[in-house]
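This is model-v9.pdb (PDB, C-alpha atoms).
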```
ATOM      1  CA  MET A   1      35.639 -68.509 -19.753  1.00  0.00           C
ATOM      2  CA  SER A   2      37.680 -66.970 -16.997  1.00  0.00           C
ATOM      3  CA  LYS A   3      37.365 -68.056 -13.392  1.00  0.00           C
ATOM      4  CA  VAL A   4      35.450 -65.616 -11.192  1.00  0.00           C
ATOM      5  CA  ASN A   5      37.609 -63.323  -9.063  1.00  0.00           C
ATOM      6  CA  SER A   6      40.792 -65.116 -10.027  1.00  0.00           C
ATOM      7  CA  LEU A   7      44.144 -63.395 -10.337  1.00  0.00           C
ATOM      8  CA  ALA A   8      47.308 -64.380 -12.175  1.00  0.00           C
ATOM      9  CA  ILE A   9      50.522 -62.748 -11.028  1.00  0.00           C
ATOM     10  CA  ILE A  10      53.366 -62.813 -13.537  1.00  0.00           C
ATOM     11  CA  THR A  11      56.877 -62.256 -12.297  1.00  0.00           C
ATOM     12  CA  THR A  12      59.257 -61.334 -15.120  1.00  0.00           C
ATOM     13  CA  GLN A  13      62.428 -59.986 -13.544  1.00  0.00           C
ATOM     14  CA  ALA A  14      65.570 -61.564 -12.109  1.00  0.00           C
ATOM     15  CA  PRO A  15      65.923 -61.433  -8.295  1.00  0.00           C
ATOM     16  CA  TYR A  16      67.916 -58.960  -6.208  1.00  0.00           C
ATOM     17  CA  SER A  17      68.621 -56.180  -8.719  1.00  0.00           C
ATOM     18  CA  SER A  18      65.089 -54.911  -8.160  1.00  0.00           C
ATOM     19  CA  ALA A  19      62.400 -55.641  -5.565  1.00  0.00           C
ATOM     20  CA  SER A  20      59.966 -56.647  -8.283  1.00  0.00           C
ATOM     21  CA  GLY A  21      60.048 -60.379  -7.517  1.00  0.00           C
ATOM     22  CA  LYS A  22      59.411 -59.783  -3.832  1.00  0.00           C
ATOM     23  CA  ASP A  23      56.535 -57.385  -4.600  1.00  0.00           C
ATOM     24  CA  ALA A  24      54.969 -60.118  -6.749  1.00  0.00           C
ATOM     25  CA  LEU A  25      55.485 -62.745  -4.051  1.00  0.00           C
ATOM     26  CA  ASP A  26      53.995 -60.508  -1.319  1.00  0.00           C
ATOM     27  CA  MET A  27      50.915 -59.952  -3.464  1.00  0.00           C
ATOM     28  CA  ALA A  28      50.577 -63.713  -4.122  1.00  0.00           C
ATOM     29  CA  LEU A  29      50.893 -64.567  -0.404  1.00  0.00           C
ATOM     30  CA  ILE A  30      48.193 -62.078   0.582  1.00  0.00           C
ATOM     31  CA  PHE A  31      45.785 -63.359  -2.078  1.00  0.00           C
ATOM     32  CA  GLY A  32      46.542 -66.908  -0.941  1.00  0.00           C
ATOM     33  CA  SER A  33      45.955 -66.107   2.718  1.00  0.00           C
ATOM     34  CA  TYR A  34      42.571 -64.587   1.814  1.00  0.00           C
ATOM     35  CA  GLU A  35      41.756 -67.884   0.044  1.00  0.00           C
ATOM     36  CA  GLN A  36      41.505 -66.274  -3.374  1.00  0.00           C
ATOM     37  CA  ASP A  37      41.967 -68.129  -6.651  1.00  0.00           C
ATOM     38  CA  ILE A  38      45.559 -67.112  -7.236  1.00  0.00           C
ATOM     39  CA  ALA A  39      48.343 -68.311  -9.532  1.00  0.00           C
ATOM     40  CA  LEU A  40      51.969 -67.303  -9.797  1.00  0.00           C
ATOM     41  CA  PHE A  41      53.661 -67.428 -13.199  1.00  0.00           C
ATOM     42  CA  PHE A  42      57.426 -67.260 -13.796  1.00  0.00           C
ATOM     43  CA  ILE A  43      58.080 -65.946 -17.286  1.00  0.00           C
ATOM     44  CA  GLY A  44      61.118 -64.418 -19.017  1.00  0.00           C
ATOM     45  CA  ASP A  45      63.892 -63.312 -16.658  1.00  0.00           C
ATOM     46  CA  GLY A  46      61.537 -64.165 -13.790  1.00  0.00           C
ATOM     47  CA  VAL A  47      62.796 -67.762 -14.032  1.00  0.00           C
ATOM     48  CA  TRP A  48      66.184 -66.654 -12.648  1.00  0.00           C
ATOM     49  CA  GLN A  49      64.424 -66.566  -9.268  1.00  0.00           C
ATOM     50  CA  LEU A  50      64.015 -70.331  -9.438  1.00  0.00           C
ATOM     51  CA  ILE A  51      67.673 -71.333  -9.350  1.00  0.00           C
ATOM     52  CA  ASP A  52      68.235 -73.628  -6.402  1.00  0.00           C
ATOM     53  CA  LYS A  53      70.582 -72.566  -3.604  1.00  0.00           C
ATOM     54  CA  ALA A  54      70.827 -68.898  -4.605  1.00  0.00           C
ATOM     55  CA  ASN A  55      72.011 -66.904  -1.594  1.00  0.00           C
ATOM     56  CA  GLY A  56      70.766 -63.320  -1.398  1.00  0.00           C
ATOM     57  CA  GLU A  57      72.436 -62.782   1.965  1.00  0.00           C
ATOM     58  CA  LEU A  58      75.770 -62.431   0.173  1.00  0.00           C
ATOM     59  CA  LEU A  59      74.351 -59.246  -1.355  1.00  0.00           C
ATOM     60  CA  GLN A  60      73.003 -57.844   1.940  1.00  0.00           C
ATOM     61  CA  VAL A  61      69.441 -58.083   0.676  1.00  0.00           C
ATOM     62  CA  LYS A  62      66.571 -60.008   2.182  1.00  0.00           C
ATOM     63  CA  ASP A  63      66.607 -63.480   0.692  1.00  0.00           C
ATOM     64  CA  TYR A  64      62.927 -63.616  -0.232  1.00  0.00           C
ATOM     65  CA  LEU A  65      63.490 -66.690  -2.425  1.00  0.00           C
ATOM     66  CA  LYS A  66      63.437 -68.814   0.740  1.00  0.00           C
ATOM     67  CA  THR A  67      59.793 -67.802   1.185  1.00  0.00           C
ATOM     68  CA  PHE A  68      58.876 -69.804  -1.947  1.00  0.00           C
ATOM     69  CA  SER A  69      58.831 -72.913   0.222  1.00  0.00           C
ATOM     70  CA  ALA A  70      55.977 -71.316   2.208  1.00  0.00           C
ATOM     71  CA  LEU A  71      53.707 -70.912  -0.838  1.00  0.00           C
ATOM     72  CA  PRO A  72      51.682 -74.100  -0.097  1.00  0.00           C
ATOM     73  CA  PHE A  73      51.076 -72.921   3.492  1.00  0.00           C
ATOM     74  CA  TYR A  74      49.519 -69.741   2.098  1.00  0.00           C
ATOM     75  CA  ASP A  75      47.371 -71.839  -0.262  1.00  0.00           C
ATOM     76  CA  VAL A  76      49.260 -70.660  -3.332  1.00  0.00           C
ATOM     77  CA  GLU A  77      49.219 -74.018  -5.085  1.00  0.00           C
ATOM     78  CA  ASP A  78      49.101 -72.965  -8.722  1.00  0.00           C
ATOM     79  CA  VAL A  79      52.654 -72.074  -9.631  1.00  0.00           C
ATOM     80  CA  PHE A  80      53.594 -72.198 -13.302  1.00  0.00           C
ATOM     81  CA  ILE A  81      56.937 -71.888 -15.041  1.00  0.00           C
ATOM     82  CA  CYS A  82      57.528 -71.068 -18.699  1.00  0.00           C
ATOM     83  CA  GLU A  83      59.532 -73.976 -20.128  1.00  0.00           C
ATOM     84  CA  GLN A  84      60.796 -71.898 -23.019  1.00  0.00           C
ATOM     85  CA  SER A  85      62.134 -69.199 -20.662  1.00  0.00           C
ATOM     86  CA  LEU A  86      64.167 -71.864 -18.774  1.00  0.00           C
ATOM     87  CA  LYS A  87      65.466 -73.275 -22.046  1.00  0.00           C
ATOM     88  CA  ASP A  88      66.408 -69.862 -23.465  1.00  0.00           C
ATOM     89  CA  ARG A  89      68.544 -69.178 -20.379  1.00  0.00           C
ATOM     90  CA  GLY A  90      70.101 -72.645 -20.132  1.00  0.00           C
ATOM     91  CA  ILE A  91      68.578 -73.246 -16.700  1.00  0.00           C
ATOM     92  CA  GLU A  92      68.478 -76.949 -15.834  1.00  0.00           C
ATOM     93  CA  GLY A  93      68.399 -79.145 -12.789  1.00  0.00           C
ATOM     94  CA  PRO A  94      66.541 -78.777  -9.521  1.00  0.00           C
ATOM     95  CA  LEU A  95      64.496 -75.629  -9.042  1.00  0.00           C
ATOM     96  CA  ASN A  96      63.704 -74.061  -5.683  1.00  0.00           C
ATOM     97  CA  ILE A  97      59.925 -74.591  -5.950  1.00  0.00           C
ATOM     98  CA  GLN A  98      59.090 -78.279  -5.920  1.00  0.00           C
ATOM     99  CA  SER A  99      55.359 -77.887  -6.441  1.00  0.00           C
ATOM    100  CA  ALA A 100      55.647 -75.781  -9.616  1.00  0.00           C
ATOM    101  CA  GLN A 101      54.513 -77.022 -13.018  1.00  0.00           C
ATOM    102  CA  THR A 102      56.606 -76.335 -16.089  1.00  0.00           C
ATOM    103  CA  LEU A 103      54.388 -75.531 -19.054  1.00  0.00           C
ATOM    104  CA  SER A 104      54.963 -75.302 -22.786  1.00  0.00           C
ATOM    105  CA  LYS A 105      54.339 -71.909 -24.334  1.00  0.00           C
ATOM    106  CA  GLN A 106      50.943 -72.902 -25.731  1.00  0.00           C
ATOM    107  CA  THR A 107      49.721 -74.453 -22.462  1.00  0.00           C
ATOM    108  CA  LEU A 108      50.990 -71.433 -20.582  1.00  0.00           C
ATOM    109  CA  ILE A 109      48.954 -69.094 -22.762  1.00  0.00           C
ATOM    110  CA  GLU A 110      45.843 -71.231 -22.354  1.00  0.00           C
ATOM    111  CA  THR A 111      46.316 -71.430 -18.578  1.00  0.00           C
ATOM    112  CA  LEU A 112      46.823 -67.693 -18.297  1.00  0.00           C
ATOM    113  CA  LYS A 113      43.614 -67.069 -20.230  1.00  0.00           C
ATOM    114  CA  GLN A 114      41.586 -68.732 -17.453  1.00  0.00           C
ATOM    115  CA  TYR A 115      42.283 -65.917 -15.015  1.00  0.00           C
ATOM    116  CA  LYS A 116      40.051 -62.902 -14.696  1.00  0.00           C
ATOM    117  CA  ALA A 117      42.864 -60.481 -14.016  1.00  0.00           C
ATOM    118  CA  VAL A 118      46.613 -60.354 -14.556  1.00  0.00           C
ATOM    119  CA  LEU A 119      49.199 -58.295 -12.726  1.00  0.00           C
ATOM    120  CA  ARG A 120      52.735 -58.236 -14.078  1.00  0.00           C
ATOM    121  CA  PHE A 121      55.816 -57.470 -12.011  1.00  0.00           C
TER     122      PHE A 121
ATOM    123  CA  MET B   1      39.983 -30.484 -22.406  1.00  0.00           C
ATOM    124  CA  LYS B   2      41.017 -32.885 -25.151  1.00  0.00           C
ATOM    125  CA  ALA B   3      39.053 -36.083 -25.619  1.00  0.00           C
ATOM    126  CA  PRO B   4      40.593 -39.103 -23.892  1.00  0.00           C
ATOM    127  CA  ILE B   5      42.596 -40.992 -26.488  1.00  0.00           C
ATOM    128  CA  TYR B   6      42.086 -44.358 -24.830  1.00  0.00           C
ATOM    129  CA  SER B   7      38.323 -44.534 -25.005  1.00  0.00           C
ATOM    130  CA  GLU B   8      38.058 -46.308 -28.350  1.00  0.00           C
ATOM    131  CA  LEU B   9      41.426 -48.007 -28.238  1.00  0.00           C
ATOM    132  CA  PHE B  10      40.828 -49.986 -25.076  1.00  0.00           C
ATOM    133  CA  PHE B  11      37.224 -50.967 -25.011  1.00  0.00           C
ATOM    134  CA  CYS B  12      35.652 -53.400 -27.355  1.00  0.00           C
ATOM    135  CA  VAL B  13      32.048 -53.168 -28.513  1.00  0.00           C
ATOM    136  CA  LYS B  14      30.962 -55.830 -26.036  1.00  0.00           C
ATOM    137  CA  LEU B  15      32.062 -53.695 -23.109  1.00  0.00           C
ATOM    138  CA  GLU B  16      30.253 -50.697 -24.508  1.00  0.00           C
ATOM    139  CA  ALA B  17      27.044 -52.699 -24.199  1.00  0.00           C
ATOM    140  CA  ASN B  18      27.887 -54.370 -20.887  1.00  0.00           C
ATOM    141  CA  LEU B  19      28.827 -51.842 -18.278  1.00  0.00           C
ATOM    142  CA  ALA B  20      31.534 -53.181 -16.018  1.00  0.00           C
ATOM    143  CA  THR B  21      33.346 -52.390 -12.794  1.00  0.00           C
ATOM    144  CA  PHE B  22      37.067 -51.772 -13.113  1.00  0.00           C
ATOM    145  CA  THR B  23      40.002 -51.740 -10.711  1.00  0.00           C
ATOM    146  CA  LEU B  24      43.070 -49.757 -11.746  1.00  0.00           C
ATOM    147  CA  VAL B  25      46.510 -50.557 -10.355  1.00  0.00           C
ATOM    148  CA  VAL B  26      49.277 -47.956 -10.520  1.00  0.00           C
ATOM    149  CA  THR B  27      52.850 -49.215 -10.164  1.00  0.00           C
ATOM    150  CA  THR B  28      54.737 -46.364 -11.849  1.00  0.00           C
ATOM    151  CA  PRO B  29      55.997 -43.095 -10.298  1.00  0.00           C
ATOM    152  CA  PRO B  30      54.480 -39.642 -10.956  1.00  0.00           C
ATOM    153  CA  HIS B  31      57.130 -38.507 -13.460  1.00  0.00           C
ATOM    154  CA  GLN B  32      56.395 -41.385 -15.825  1.00  0.00           C
ATOM    155  CA  ASN B  33      53.791 -40.998 -18.490  1.00  0.00           C
ATOM    156  CA  ARG B  34      51.726 -43.943 -17.317  1.00  0.00           C
ATOM    157  CA  THR B  35      50.403 -41.872 -14.416  1.00  0.00           C
ATOM    158  CA  ALA B  36      48.869 -39.541 -16.992  1.00  0.00           C
ATOM    159  CA  THR B  37      47.573 -42.616 -18.779  1.00  0.00           C
ATOM    160  CA  VAL B  38      45.784 -43.960 -15.709  1.00  0.00           C
ATOM    161  CA  VAL B  39      43.965 -40.654 -15.305  1.00  0.00           C
ATOM    162  CA  GLU B  40      42.936 -40.703 -18.972  1.00  0.00           C
ATOM    163  CA  ILE B  41      41.734 -44.303 -18.746  1.00  0.00           C
ATOM    164  CA  ALA B  42      39.752 -43.498 -15.599  1.00  0.00           C
ATOM    165  CA  HIS B  43      37.977 -40.570 -17.244  1.00  0.00           C
ATOM    166  CA  ALA B  44      37.340 -42.602 -20.397  1.00  0.00           C
ATOM    167  CA  LEU B  45      35.768 -45.405 -18.335  1.00  0.00           C
ATOM    168  CA  LEU B  46      33.579 -43.047 -16.332  1.00  0.00           C
ATOM    169  CA  ASN B  47      32.485 -41.189 -19.462  1.00  0.00           C
ATOM    170  CA  LYS B  48      31.314 -44.495 -20.951  1.00  0.00           C
ATOM    171  CA  GLY B  49      29.278 -45.237 -17.828  1.00  0.00           C
ATOM    172  CA  HIS B  50      31.585 -47.862 -16.311  1.00  0.00           C
ATOM    173  CA  GLN B  51      32.343 -47.964 -12.591  1.00  0.00           C
ATOM    174  CA  ILE B  52      35.759 -47.796 -10.949  1.00  0.00           C
ATOM    175  CA  ASN B  53      35.755 -49.432  -7.521  1.00  0.00           C
ATOM    176  CA  GLY B  54      39.200 -48.035  -6.728  1.00  0.00           C
ATOM    177  CA  ILE B  55      42.729 -47.274  -7.806  1.00  0.00           C
ATOM    178  CA  PHE B  56      45.400 -49.237  -5.945  1.00  0.00           C
ATOM    179  CA  PHE B  57      48.887 -47.706  -5.671  1.00  0.00           C
ATOM    180  CA  TYR B  58      51.721 -50.240  -5.302  1.00  0.00           C
ATOM    181  CA  GLN B  59      55.497 -50.378  -5.928  1.00  0.00           C
ATOM    182  CA  ASP B  60      56.809 -46.985  -7.178  1.00  0.00           C
ATOM    183  CA  GLY B  61      53.199 -45.972  -7.808  1.00  0.00           C
ATOM    184  CA  VAL B  62      52.951 -44.990  -4.125  1.00  0.00           C
ATOM    185  CA  LEU B  63      55.170 -41.959  -4.843  1.00  0.00           C
ATOM    186  CA  ASN B  64      52.100 -40.375  -6.432  1.00  0.00           C
ATOM    187  CA  ALA B  65      50.801 -39.876  -2.878  1.00  0.00           C
ATOM    188  CA  SER B  66      53.673 -37.677  -1.692  1.00  0.00           C
ATOM    189  CA  LYS B  67      52.679 -34.246  -0.402  1.00  0.00           C
ATOM    190  CA  THR B  68      56.171 -32.895  -1.072  1.00  0.00           C
ATOM    191  CA  LEU B  69      56.108 -33.736  -4.769  1.00  0.00           C
ATOM    192  CA  VAL B  70      56.887 -30.729  -6.969  1.00  0.00           C
ATOM    193  CA  MET B  71      56.675 -31.081 -10.728  1.00  0.00           C
ATOM    194  CA  PRO B  72      58.043 -28.303 -12.961  1.00  0.00           C
ATOM    195  CA  SER B  73      55.118 -26.130 -14.036  1.00  0.00           C
ATOM    196  CA  ASP B  74      55.440 -27.098 -17.715  1.00  0.00           C
ATOM    197  CA  GLU B  75      55.270 -30.831 -16.918  1.00  0.00           C
ATOM    198  CA  TYR B  76      52.316 -33.084 -16.181  1.00  0.00           C
ATOM    199  CA  GLN B  77      50.689 -32.145 -12.877  1.00  0.00           C
ATOM    200  CA  SER B  78      49.897 -35.582 -11.513  1.00  0.00           C
ATOM    201  CA  ILE B  79      48.671 -34.397  -8.090  1.00  0.00           C
ATOM    202  CA  LYS B  80      46.116 -32.043  -9.617  1.00  0.00           C
ATOM    203  CA  SER B  81      44.803 -34.722 -11.985  1.00  0.00           C
ATOM    204  CA  LEU B  82      44.581 -37.422  -9.324  1.00  0.00           C
ATOM    205  CA  ALA B  83      42.990 -35.030  -6.818  1.00  0.00           C
ATOM    206  CA  ALA B  84      40.294 -34.128  -9.342  1.00  0.00           C
ATOM    207  CA  LEU B  85      39.588 -37.804  -9.949  1.00  0.00           C
ATOM    208  CA  ALA B  86      39.360 -38.494  -6.210  1.00  0.00           C
ATOM    209  CA  ASN B  87      37.377 -35.398  -5.239  1.00  0.00           C
ATOM    210  CA  SER B  88      35.125 -34.696  -8.241  1.00  0.00           C
ATOM    211  CA  ASN B  89      34.611 -38.248  -9.494  1.00  0.00           C
ATOM    212  CA  LYS B  90      34.750 -39.916  -6.049  1.00  0.00           C
ATOM    213  CA  VAL B  91      37.203 -42.565  -7.179  1.00  0.00           C
ATOM    214  CA  PRO B  92      38.770 -44.183  -4.060  1.00  0.00           C
ATOM    215  CA  MET B  93      42.587 -44.027  -4.021  1.00  0.00           C
ATOM    216  CA  HIS B  94      44.200 -46.791  -1.988  1.00  0.00           C
ATOM    217  CA  LEU B  95      47.816 -46.548  -0.920  1.00  0.00           C
ATOM    218  CA  CYS B  96      49.802 -49.657  -0.001  1.00  0.00           C
ATOM    219  CA  ILE B  97      51.349 -48.312   3.184  1.00  0.00           C
ATOM    220  CA  THR B  98      54.118 -50.929   3.346  1.00  0.00           C
ATOM    221  CA  ALA B  99      55.339 -49.949  -0.118  1.00  0.00           C
ATOM    222  CA  ALA B 100      54.870 -46.256   0.803  1.00  0.00           C
ATOM    223  CA  GLU B 101      56.903 -46.414   4.011  1.00  0.00           C
ATOM    224  CA  LYS B 102      59.765 -48.052   2.113  1.00  0.00           C
ATOM    225  CA  ARG B 103      59.839 -44.927  -0.044  1.00  0.00           C
ATOM    226  CA  GLY B 104      59.782 -42.285   2.692  1.00  0.00           C
ATOM    227  CA  LEU B 105      56.061 -41.729   3.035  1.00  0.00           C
ATOM    228  CA  THR B 106      54.482 -41.801   6.475  1.00  0.00           C
ATOM    229  CA  ASP B 107      51.080 -41.261   8.073  1.00  0.00           C
ATOM    230  CA  GLU B 108      52.565 -40.649  11.519  1.00  0.00           C
ATOM    231  CA  ASP B 109      51.163 -37.420  12.961  1.00  0.00           C
ATOM    232  CA  SER B 110      54.361 -35.416  13.341  1.00  0.00           C
ATOM    233  CA  GLN B 111      55.737 -36.129   9.867  1.00  0.00           C
ATOM    234  CA  HIS B 112      52.594 -36.874   7.874  1.00  0.00           C
ATOM    235  CA  ASN B 113      53.439 -36.404   4.184  1.00  0.00           C
ATOM    236  CA  ILE B 114      50.673 -38.267   2.367  1.00  0.00           C
ATOM    237  CA  LEU B 115      48.117 -36.384   0.269  1.00  0.00           C
ATOM    238  CA  ASN B 116      44.760 -36.302   2.041  1.00  0.00           C
ATOM    239  CA  PHE B 117      42.738 -37.853  -0.788  1.00  0.00           C
ATOM    240  CA  PHE B 118      44.591 -41.168  -0.383  1.00  0.00           C
ATOM    241  CA  THR B 119      43.294 -43.904   1.903  1.00  0.00           C
ATOM    242  CA  ILE B 120      45.939 -45.766   3.893  1.00  0.00           C
ATOM    243  CA  SER B 121      45.520 -49.393   2.822  1.00  0.00           C
ATOM    244  CA  GLY B 122      47.406 -52.615   2.382  1.00  0.00           C
ATOM    245  CA  LEU B 123      47.487 -55.551   0.000  1.00  0.00           C
ATOM    246  CA  GLY B 124      44.311 -56.874   1.648  1.00  0.00           C
ATOM    247  CA  GLU B 125      42.476 -53.986  -0.010  1.00  0.00           C
ATOM    248  CA  MET B 126      43.744 -55.194  -3.393  1.00  0.00           C
ATOM    249  CA  VAL B 127      42.124 -58.556  -2.661  1.00  0.00           C
ATOM    250  CA  GLU B 128      38.834 -56.770  -1.955  1.00  0.00           C
ATOM    251  CA  LEU B 129      39.088 -54.612  -5.108  1.00  0.00           C
ATOM    252  CA  ASN B 130      39.820 -57.633  -7.319  1.00  0.00           C
ATOM    253  CA  ALA B 131      36.947 -59.572  -5.744  1.00  0.00           C
ATOM    254  CA  THR B 132      34.451 -56.799  -6.483  1.00  0.00           C
ATOM    255  CA  SER B 133      35.458 -55.810 -10.022  1.00  0.00           C
ATOM    256  CA  ASP B 134      35.042 -57.343 -13.453  1.00  0.00           C
ATOM    257  CA  ARG B 135      38.338 -56.159 -14.866  1.00  0.00           C
ATOM    258  CA  VAL B 136      41.732 -55.049 -13.599  1.00  0.00           C
ATOM    259  CA  ILE B 137      44.060 -52.732 -15.501  1.00  0.00           C
ATOM    260  CA  GLN B 138      47.658 -52.301 -14.342  1.00  0.00           C
ATOM    261  CA  LEU B 139      49.880 -49.393 -15.291  1.00  0.00           C
TER     262      LEU B 139
END
```

Would you give me this structure, written as structure tokens?
Amino acid sequence: MSKVNSLAIITTQAPYSSASGKDALDMALIFGSYEQDIALFFIGDGVWQLIDKANGELLQVKDYLKTFSALPFYDVEDVFICEQSLKDRGIEGPLNIQSAQTLSKQTLIETLKQYKAVLRF
Amino acid sequence: MKAPIYSELFFCVKLEANLATFTLVVTTPPHQNRTATVVEIAHALLNKGHQINGIFFYQDGVLNASKTLVMPSDEYQSIKSLAALANSNKVPMHLCITAAEKRGLTDEDSQHNILNFFTISGLGEMVELNATSDRVIQL
């Protein structure tokens, strides 16, 4: 049974080449600030946004990845990462969101099912 | 007018019996086929007796609100279709103004270039739409 009025936002693209990741983050922050039941999922190429110490300023774009550290302040506490997506891309070591949970594919699917609505960016 | 092709494809028997309120989210620009799809889905929903509490335009979807949009006459006329949905079917069209301004749209008096059937909104409106609908469909 899905949770009433909940929303899962899935971010699936690498940072900087498109604004997709920032659009997803902006949406998550607004839902968080309105105290909605919100979760942010990093799946597929979306996990490239999680690499620690990436520096968008070198590319003259706004480094929105730094805003990830503000997620708890906006009450976005449910942040989930696809373990398989990290593995497929050889991403290891510290990630730039400390509070995120890495989930196996099966758990990820089950978690996603709990949300009433899904938006994918 | 041809019958909407999405009516049977999208909606299971359960939904036929239980009328629901839908929110549609458009993230694709007017020249992509998914804008035609959103209009078809909207009509299919309304024909089945469902409600649509609003269509939210975000990312490149905001380009659908441009007054200066000109599509070749033999291509899909997105403005006409969306206007009919807004005016005849009273479906609210919400434009994320932050996303719109990034793409050259403005509601400032001297340069106003947003179609009049769009409501100037923000992401807060998306929160409201999600909170008052049963289902959300993104295109």

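For the file at hand, the ChimeraX specification (/B :<7) & /A resolves to Asn5, Met27, Ile30, Phe31, Lys116, Ala117 and Leu119 of chain A.
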
Problem set entry | Distance of atom CA of A:Ile91 from atom CA of A:Phe42, expressed in Å to one decimal place | 13.0 Å

Problem set entry | Nearest candidate to B:Asp60 (options A:Ser33, A:Ser20, A:Ser2, A:Tyr74; using all atoms listed in the file) | A:Ser20

For this session: Give me the result of the PyMOL selection byres ((chain B and resi 49) around 10) on this file, residue by residue, as a ChimeraX atom specification.
Result: /B:16,18-21,43-48,50-52

Exercise. In Å to one decimal, how far is atom CA of B:Asn113 from atom CA of B:Lys67?
Worked result: 5.1 Å

Problem set entry | Residue IDs satisfying the PyMOL selection byres ((chain A and resi 50) around 7), as an MDAnalysis selection string | chainID A and resid 47:49 51:52 95:97

For the residues in that selection, give me C-alpha atoms as a PDB file, in the coordinates of the input.
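This is the output file selection_2.pdb:
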```
ATOM      1  CA  VAL A  47      62.796 -67.762 -14.032  1.00  0.00           C
ATOM      2  CA  TRP A  48      66.184 -66.654 -12.648  1.00  0.00           C
ATOM      3  CA  GLN A  49      64.424 -66.566  -9.268  1.00  0.00           C
ATOM      4  CA  ILE A  51      67.673 -71.333  -9.350  1.00  0.00           C
ATOM      5  CA  ASP A  52      68.235 -73.628  -6.402  1.00  0.00           C
ATOM      6  CA  LEU A  95      64.496 -75.629  -9.042  1.00  0.00           C
ATOM      7  CA  ASN A  96      63.704 -74.061  -5.683  1.00  0.00           C
ATOM      8  CA  ILE A  97      59.925 -74.591  -5.950  1.00  0.00           C
TER       9      ILE A  97
END
```

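With atom CA of A:Lys53 on one side and atom CA of A:Glu92 on the other, the separation reads 13.2 Å.
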
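Near A:Glu57, within 12 Å and counting all atoms listed in the file, sit Tyr16, Lys62, Asp63, Tyr64, Leu65 and Lys66 of chain A; same-chain residues fewer than 5 positions away were not included.
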
For this session: Please identify all polymer residues within 12 Å of B:Ala83, counting all atoms listed in the file, omitting same-chain residues fewer than 6 positions from it, and present them as number ranges by chain.
Result: B: 39, 64-65, 67, 77, 89-93, 115-118

Problem set entry | Shell of 6 Å around stretch 8-11 of chain A, all atoms listed in the file, local chain residues under 2 positions omitted, as a PyMOL selection string | chain A and resi 38-42+46+115+118-121

Problem set entry | Contacts of A:Ser104 at 8 Å (all atoms listed in the file; same-chain gap of 5+ positions) as a PyMOL selection string | chain A and resi 82-84

Write out, as a compact mmCIF listing (two decimals), in the coordinates of the input, the residues just selected, with C-alpha atoms.
```txt
# COMPACT_ATOMS: atom_id res chain seq x y z
CA CYS A 82 57.53 -71.07 -18.70
CA GLU A 83 59.53 -73.98 -20.13
CA GLN A 84 60.80 -71.90 -23.02
```
